Amino acid sequence: MIRAEALTKEFRKYERRPGLRGSLGTLFSRKYETHRAVDNISFTVEAGAKMAYLGANGAGKSTTIKMLAGITTPTSGRCLVNGIEPYLNRRANAQSIGVVFGQRTQLWWDLSVPDSFRILQRIYDIPEKVYRRNLRLFQEYLDIDALASTQVRKLSLGQRMRAEIAASLLHDPKVVFWDEPTIGLDVILKDAVRELINHFNRELGTTVLLTSHDIGDITSICDQVLVVDRGKVIHQGTLQELISTAAYRSISFECGRQDLAAAVAAIEEALPKAIATAAGGHRIRVDYPIDHLTSKEVLSCLLERFDITDFYAPEPELGSVVREIYGTGKTA
């Protein structure tokens, strides 16, 4: 459904010289600096997949989505969305995609949400039956009728995001590109948005490419993940495969009535490079690097020293794994 082949995007910006003399000099002679926002990336997203596109700020995520949406033309390489090169055939591409950018609107600023939806119905030539079906879904999940006749420019950020999300799905797009779609939404509405896009994926096979700094969006919606850093792809696979790259694992256990401070000190002495912390009550959490200690070694050490009545090994947190990748620049 989505294919990027050696996709590259460069931007040129001129260097500003300091002082008045320097500013005047740039009128006659400019030096340009080239910034490569997307650096020769290639990836494929199959039809019906729900892909999280992750990266730190400035990693090239939004630039990639703009190329896939046909807003920006690549410097080199190419991409296809539903068999179409977006920047060469913007009209045909727009008919098959839905887009949400957290700080940009596709609605008419001085019109109400229902009026904007009616215009979109005409633009996309949406059959009345499909239009009505989707409005019912938006009311069920997003309480869209509550926005009533309020002009878009008078909506709060959260209200506008509800309308933007609905607008992106109104025409049953084959692919949706969502960039920070839940910004400004409360916890209940975030859950509703996640349930709504999962409904479209399940019922219509909608392909999703999502960028978000909200880990809840990623874990609730996506089953695959693409990680970029400094414009390059450094990981593509399932969420579980990404989590399995974590450098640390954990064991949490109940240690009875023993002195917690003494127990923590004893664990860190017996297990070099492990980090033990009191986790409330009589529970201790042990985090250990997998390149120095195995789970068997850690558990054996704990069983020898403590009367353990309860323990579990939690999965590494996705947020921690992603921060680890950004911090070290490693390839997952």
# chains A, B, ... in the order shown; residues from 1 in each chain; ligands from 1
>>> residues_around(residues="Ile308 in chain A", least_positions_apart="4", cutoff="8 Å", atoms="only C-alpha atoms", output="ChimeraX atom specification")
/A:253-256,302-303
>>> write_last_selection(atoms="C-alpha atoms", output="mmCIF file, in the first residue's frame")
data_model
loop_
_atom_site.group_PDB
_atom_site.id
_atom_site.type_symbol
_atom_site.label_atom_id
_atom_site.label_comp_id
_atom_site.auth_asym_id
_atom_site.auth_seq_id
_atom_site.Cartn_x
_atom_site.Cartn_y
_atom_site.Cartn_z
ATOM 1 C CA PHE A 253 9.331 -9.484 43.872
ATOM 2 C CA GLU A 254 7.856 -9.492 47.388
ATOM 3 C CA CYS A 255 10.549 -9.891 50.044
ATOM 4 C CA GLY A 256 8.452 -10.354 53.205
ATOM 5 C CA LEU A 302 17.377 -13.641 44.560
ATOM 6 C CA LEU A 303 16.047 -17.087 45.491
#
>>> atom_distance(atom1="CA of Leu68 in chain A", atom2="CA of Tyr53 in chain A")
12.8 Å
>>> atom_distance(atom1="CA of Arg36 in chain A", atom2="CA of Asp217 in chain A")
28.2 Å
>>> closest_atom_pairs(of="range 192-243 of chain A", to="range 181-188 of chain A", cutoff="9 Å", atoms="only C-alpha atoms", output="CSV")
residue,atom,partner,partner_atom,distance
A:Ala192,CA,A:Ile188,CA,6.3
A:Val193,CA,A:Thr182,CA,7.5
A:Arg194,CA,A:Thr182,CA,9.0
A:Leu210,CA,A:Pro181,CA,8.3
A:Thr211,CA,A:Pro181,CA,8.2
A:Ser212,CA,A:Pro181,CA,7.4
A:Asp214,CA,A:Thr182,CA,8.1
A:Asp217,CA,A:Thr182,CA,7.9
>>> write_last_selection(atoms="N, CA and C atoms", output="JSON list (two decimals), in the first residue's frame")
[["chain", "number", "residue", "atom", "x", "y", "z"],
["A", 192, "ALA", "N", -11.39, 6.98, 22.71],
["A", 192, "ALA", "CA", -12.43, 6.92, 21.67],
["A", 192, "ALA", "C", -11.82, 7.01, 20.28],
["A", 193, "VAL", "N", -10.84, 7.89, 20.10],
["A", 193, "VAL", "CA", -10.17, 8.03, 18.81],
["A", 193, "VAL", "C", -9.46, 6.73, 18.44],
["A", 194, "ARG", "N", -8.80, 6.13, 19.41],
["A", 194, "ARG", "CA", -8.10, 4.86, 19.15],
["A", 194, "ARG", "C", -9.09, 3.76, 18.75],
["A", 210, "LEU", "N", 0.99, 6.28, 11.59],
["A", 210, "LEU", "CA", 0.78, 7.18, 12.73],
["A", 210, "LEU", "C", 2.09, 7.68, 13.29],
["A", 211, "THR", "N", 2.20, 8.99, 13.51],
["A", 211, "THR", "CA", 3.30, 9.53, 14.29],
["A", 211, "THR", "C", 2.70, 10.15, 15.55],
["A", 212, "SER", "N", 3.31, 9.86, 16.68],
["A", 212, "SER", "CA", 2.79, 10.39, 17.94],
["A", 212, "SER", "C", 3.87, 10.27, 19.01],
["A", 214, "ASP", "N", 2.70, 10.20, 22.05],
["A", 214, "ASP", "CA", 1.88, 9.57, 23.08],
["A", 214, "ASP", "C", 2.01, 8.05, 22.93],
["A", 217, "ASP", "N", -1.13, 6.04, 22.24],
["A", 217, "ASP", "CA", -1.59, 5.96, 20.84],
["A", 217, "ASP", "C", -0.94, 4.79, 20.14]]
>>> residues_around(residues="range 268-278 of chain A", least_positions_apart="3", cutoff="12 Å", atoms="only C-alpha atoms", output="PDB file with C-alpha atoms, in the first residue's frame")
ATOM      1  CA  ALA A 247      19.090  -3.342  26.983  1.00  0.00           C
ATOM      2  CA  TYR A 248      17.537  -3.928  30.431  1.00  0.00           C
ATOM      3  CA  ARG A 249      15.108  -6.468  31.848  1.00  0.00           C
ATOM      4  CA  SER A 250      13.342  -6.373  35.204  1.00  0.00           C
ATOM      5  CA  ILE A 251      12.168  -8.611  38.012  1.00  0.00           C
ATOM      6  CA  SER A 252       9.816  -7.398  40.721  1.00  0.00           C
ATOM      7  CA  PHE A 253       9.331  -9.484  43.872  1.00  0.00           C
ATOM      8  CA  GLU A 254       7.856  -9.492  47.388  1.00  0.00           C
ATOM      9  CA  CYS A 255      10.549  -9.891  50.044  1.00  0.00           C
ATOM     10  CA  GLN A 258      13.048  -7.877  55.557  1.00  0.00           C
ATOM     11  CA  ASP A 259      14.677  -4.457  55.820  1.00  0.00           C
ATOM     12  CA  LEU A 260      14.275  -2.939  52.350  1.00  0.00           C
ATOM     13  CA  ALA A 261      17.374  -0.731  52.463  1.00  0.00           C
ATOM     14  CA  ALA A 262      19.553  -3.661  53.505  1.00  0.00           C
ATOM     15  CA  ALA A 263      17.949  -5.878  50.852  1.00  0.00           C
ATOM     16  CA  VAL A 264      18.572  -3.315  48.090  1.00  0.00           C
ATOM     17  CA  ALA A 265      22.226  -2.951  49.130  1.00  0.00           C
ATOM     18  CA  GLY A 281       5.125  -2.087  50.376  1.00  0.00           C
ATOM     19  CA  HIS A 282       7.652  -4.900  50.703  1.00  0.00           C
ATOM     20  CA  ARG A 283       8.306  -5.113  46.970  1.00  0.00           C
ATOM     21  CA  ILE A 284      11.678  -4.616  45.271  1.00  0.00           C
ATOM     22  CA  ARG A 285      12.327  -4.095  41.574  1.00  0.00           C
ATOM     23  CA  VAL A 286      15.621  -5.215  40.039  1.00  0.00           C
ATOM     24  CA  ASP A 287      16.665  -3.837  36.637  1.00  0.00           C
ATOM     25  CA  TYR A 288      19.621  -5.592  35.046  1.00  0.00           C
ATOM     26  CA  PRO A 289      21.540  -5.235  31.743  1.00  0.00           C
ATOM     27  CA  ILE A 290      21.094  -8.297  29.546  1.00  0.00           C
ATOM     28  CA  ASP A 291      24.624  -7.998  28.154  1.00  0.00           C
ATOM     29  CA  HIS A 292      26.041  -8.638  31.673  1.00  0.00           C
ATOM     30  CA  LEU A 293      23.427 -10.764  33.458  1.00  0.00           C
ATOM     31  CA  THR A 294      20.950 -13.432  32.407  1.00  0.00           C
ATOM     32  CA  SER A 295      17.460 -13.790  33.855  1.00  0.00           C
ATOM     33  CA  GLU A 297      21.460 -15.659  37.119  1.00  0.00           C
ATOM     34  CA  VAL A 298      19.366 -12.858  38.598  1.00  0.00           C
ATOM     35  CA  LEU A 299      16.532 -15.116  39.714  1.00  0.00           C
ATOM     36  CA  SER A 300      18.916 -17.699  41.212  1.00  0.00           C
ATOM     37  CA  CYS A 301      20.665 -14.975  43.195  1.00  0.00           C
ATOM     38  CA  LEU A 302      17.377 -13.641  44.560  1.00  0.00           C
ATOM     39  CA  GLU A 304      19.244 -17.816  47.443  1.00  0.00           C
ATOM     40  CA  ARG A 305      18.977 -14.638  49.508  1.00  0.00           C
TER      41      ARG A 305
END
>>> residues_around(residues="Val233 in chain A", least_positions_apart="4", cutoff="9 Å", atoms="only C-alpha atoms", output="ChimeraX atom specification")
/A:39-43,226-229,331
>>> write_last_selection(atoms="C-alpha atoms", output="short mmCIF file (atom, residue, chain, number, x, y, z; two decimals), in the first residue's frame")
data_model
loop_
_atom_site.label_atom_id
_atom_site.label_comp_id
_atom_site.auth_asym_id
_atom_site.auth_seq_id
_atom_site.Cartn_x
_atom_site.Cartn_y
_atom_site.Cartn_z
CA ASP A 39 18.12 10.58 4.11
CA ASN A 40 17.70 7.83 1.51
CA ILE A 41 15.04 5.85 3.41
CA SER A 42 13.23 2.80 2.08
CA PHE A 43 10.32 0.95 3.66
CA LEU A 226 9.16 2.10 11.98
CA VAL A 227 11.86 4.07 13.83
CA VAL A 228 13.85 6.87 12.22
CA ASP A 229 16.78 8.84 13.59
CA THR A 331 20.17 0.33 15.23
#
>>> residues_around(residues="His199 in chain A", least_positions_apart="5", cutoff="12 Å", atoms="only C-alpha atoms", output="PyMOL selection string")
chain A and resi 48+134+137-138+140-141+169+172+192-194+204-208+221
>>> closest_residue(among="A:Arg3, A:Lys154, A:Arg132, A:His171", to="Leu80 in chain A", atoms="only C-alpha atoms")
A:Arg3
>>> atom_distance(atom1="CA of Glu241 in chain A", atom2="CA of Met1 in chain A")
22.1 Å
>>> residues_around(residues="Asp145 in chain A", least_positions_apart="5", cutoff="10 Å", atoms="only C-alpha atoms", output="list of chain:residue names")
A:Val113, A:Pro114, A:Leu135, A:Arg136, A:Phe138, A:Gln139, A:Glu140
>>> write_last_selection(atoms="C-alpha atoms", output="PDB file, in the first residue's frame")
ATOM      1  CA  VAL A 113     -18.242  21.654  11.346  1.00  0.00           C
ATOM      2  CA  PRO A 114     -21.435  20.314   9.660  1.00  0.00           C
ATOM      3  CA  LEU A 135     -21.624  10.635  10.791  1.00  0.00           C
ATOM      4  CA  ARG A 136     -23.306   8.079  13.040  1.00  0.00           C
ATOM      5  CA  PHE A 138     -18.459  10.017  14.645  1.00  0.00           C
ATOM      6  CA  GLN A 139     -21.373  10.742  16.948  1.00  0.00           C
ATOM      7  CA  GLU A 140     -20.954   7.379  18.690  1.00  0.00           C
TER       8      GLU A 140
END
>>> residues_around(residues="Ala167 in chain A", least_positions_apart="3", cutoff="12 Å", atoms="only C-alpha atoms", output="PDB file with C-alpha atoms, in the first residue's frame")
ATOM      1  CA  ILE A  97      -5.940   9.236   1.745  1.00  0.00           C
ATOM      2  CA  GLY A  98      -6.990  10.951   4.962  1.00  0.00           C
ATOM      3  CA  VAL A  99      -4.581  13.290   6.742  1.00  0.00           C
ATOM      4  CA  VAL A 100      -4.406  14.848  10.205  1.00  0.00           C
ATOM      5  CA  PHE A 101      -1.635  17.263  11.148  1.00  0.00           C
ATOM      6  CA  THR A 105      -6.625  22.343   9.656  1.00  0.00           C
ATOM      7  CA  GLN A 106      -8.465  20.934   6.640  1.00  0.00           C
ATOM      8  CA  LEU A 107     -11.720  22.561   7.726  1.00  0.00           C
ATOM      9  CA  TRP A 108     -13.135  25.932   6.693  1.00  0.00           C
ATOM     10  CA  VAL A 113     -18.242  21.654  11.346  1.00  0.00           C
ATOM     11  CA  PRO A 114     -21.435  20.314   9.660  1.00  0.00           C
ATOM     12  CA  ASP A 115     -21.010  22.822   6.822  1.00  0.00           C
ATOM     13  CA  SER A 116     -17.367  21.826   6.397  1.00  0.00           C
ATOM     14  CA  PHE A 117     -18.396  18.178   6.279  1.00  0.00           C
ATOM     15  CA  ARG A 118     -20.979  18.899   3.570  1.00  0.00           C
ATOM     16  CA  ILE A 119     -18.324  20.615   1.454  1.00  0.00           C
ATOM     17  CA  LEU A 120     -16.026  17.619   1.924  1.00  0.00           C
ATOM     18  CA  GLN A 121     -18.856  15.333   0.864  1.00  0.00           C
ATOM     19  CA  ILE A 123     -15.322  17.359  -2.921  1.00  0.00           C
ATOM     20  CA  TYR A 124     -14.871  13.623  -2.375  1.00  0.00           C
ATOM     21  CA  TYR A 131     -21.784   9.913   4.573  1.00  0.00           C
ATOM     22  CA  ASN A 134     -19.831   7.762   9.080  1.00  0.00           C
ATOM     23  CA  LEU A 135     -21.624  10.635  10.791  1.00  0.00           C
ATOM     24  CA  PHE A 138     -18.459  10.017  14.645  1.00  0.00           C
ATOM     25  CA  LEU A 142     -16.510  11.437  19.213  1.00  0.00           C
ATOM     26  CA  ILE A 144     -19.421  15.172  17.055  1.00  0.00           C
ATOM     27  CA  ARG A 160     -11.064  20.959  16.557  1.00  0.00           C
ATOM     28  CA  MET A 161      -9.009  17.756  16.718  1.00  0.00           C
ATOM     29  CA  ARG A 162     -12.217  15.727  17.033  1.00  0.00           C
ATOM     30  CA  ALA A 163     -13.510  17.422  13.882  1.00  0.00           C
ATOM     31  CA  GLU A 164     -10.178  16.956  12.062  1.00  0.00           C
ATOM     32  CA  LEU A 170     -15.328  10.903   6.203  1.00  0.00           C
ATOM     33  CA  HIS A 171     -14.668   9.533   2.692  1.00  0.00           C
ATOM     34  CA  ASP A 172     -13.524   6.022   3.744  1.00  0.00           C
ATOM     35  CA  PRO A 173      -9.874   6.565   2.763  1.00  0.00           C
ATOM     36  CA  VAL A 176      -4.680   7.585   6.781  1.00  0.00           C
ATOM     37  CA  TRP A 178      -2.068  10.873  11.351  1.00  0.00           C
TER      38      TRP A 178
END
>>> select_by_dssp(residues="range 21-262 of chain A", states="alpha helix (DSSP H)", output="ChimeraX atom specification")
/A:21-25,61-68,90-96,113-124,128-142,157-169,187-204,215-221,239-243,260-262
>>> closest_residue(among="A:Ile2, A:Glu195, A:Asp143, A:Lys61", to="Thr44 in chain A", atoms="only C-alpha atoms")
A:Ile2
>>> closest_residue(among="A:Leu189, A:Tyr312, A:Ala4, A:Leu54", to="Cys222 in chain A", atoms="only C-alpha atoms")
A:Leu54
>>> closest_residue(among="A:Ser220, A:Ser96, A:Thr73, A:Thr150", to="Ile126 in chain A", atoms="only C-alpha atoms")
A:Ser96
>>> closest_residue(among="A:Glu46, A:Glu317, A:Glu85, A:Asp125", to="Leu242 in chain A", atoms="only C-alpha atoms")
A:Glu317
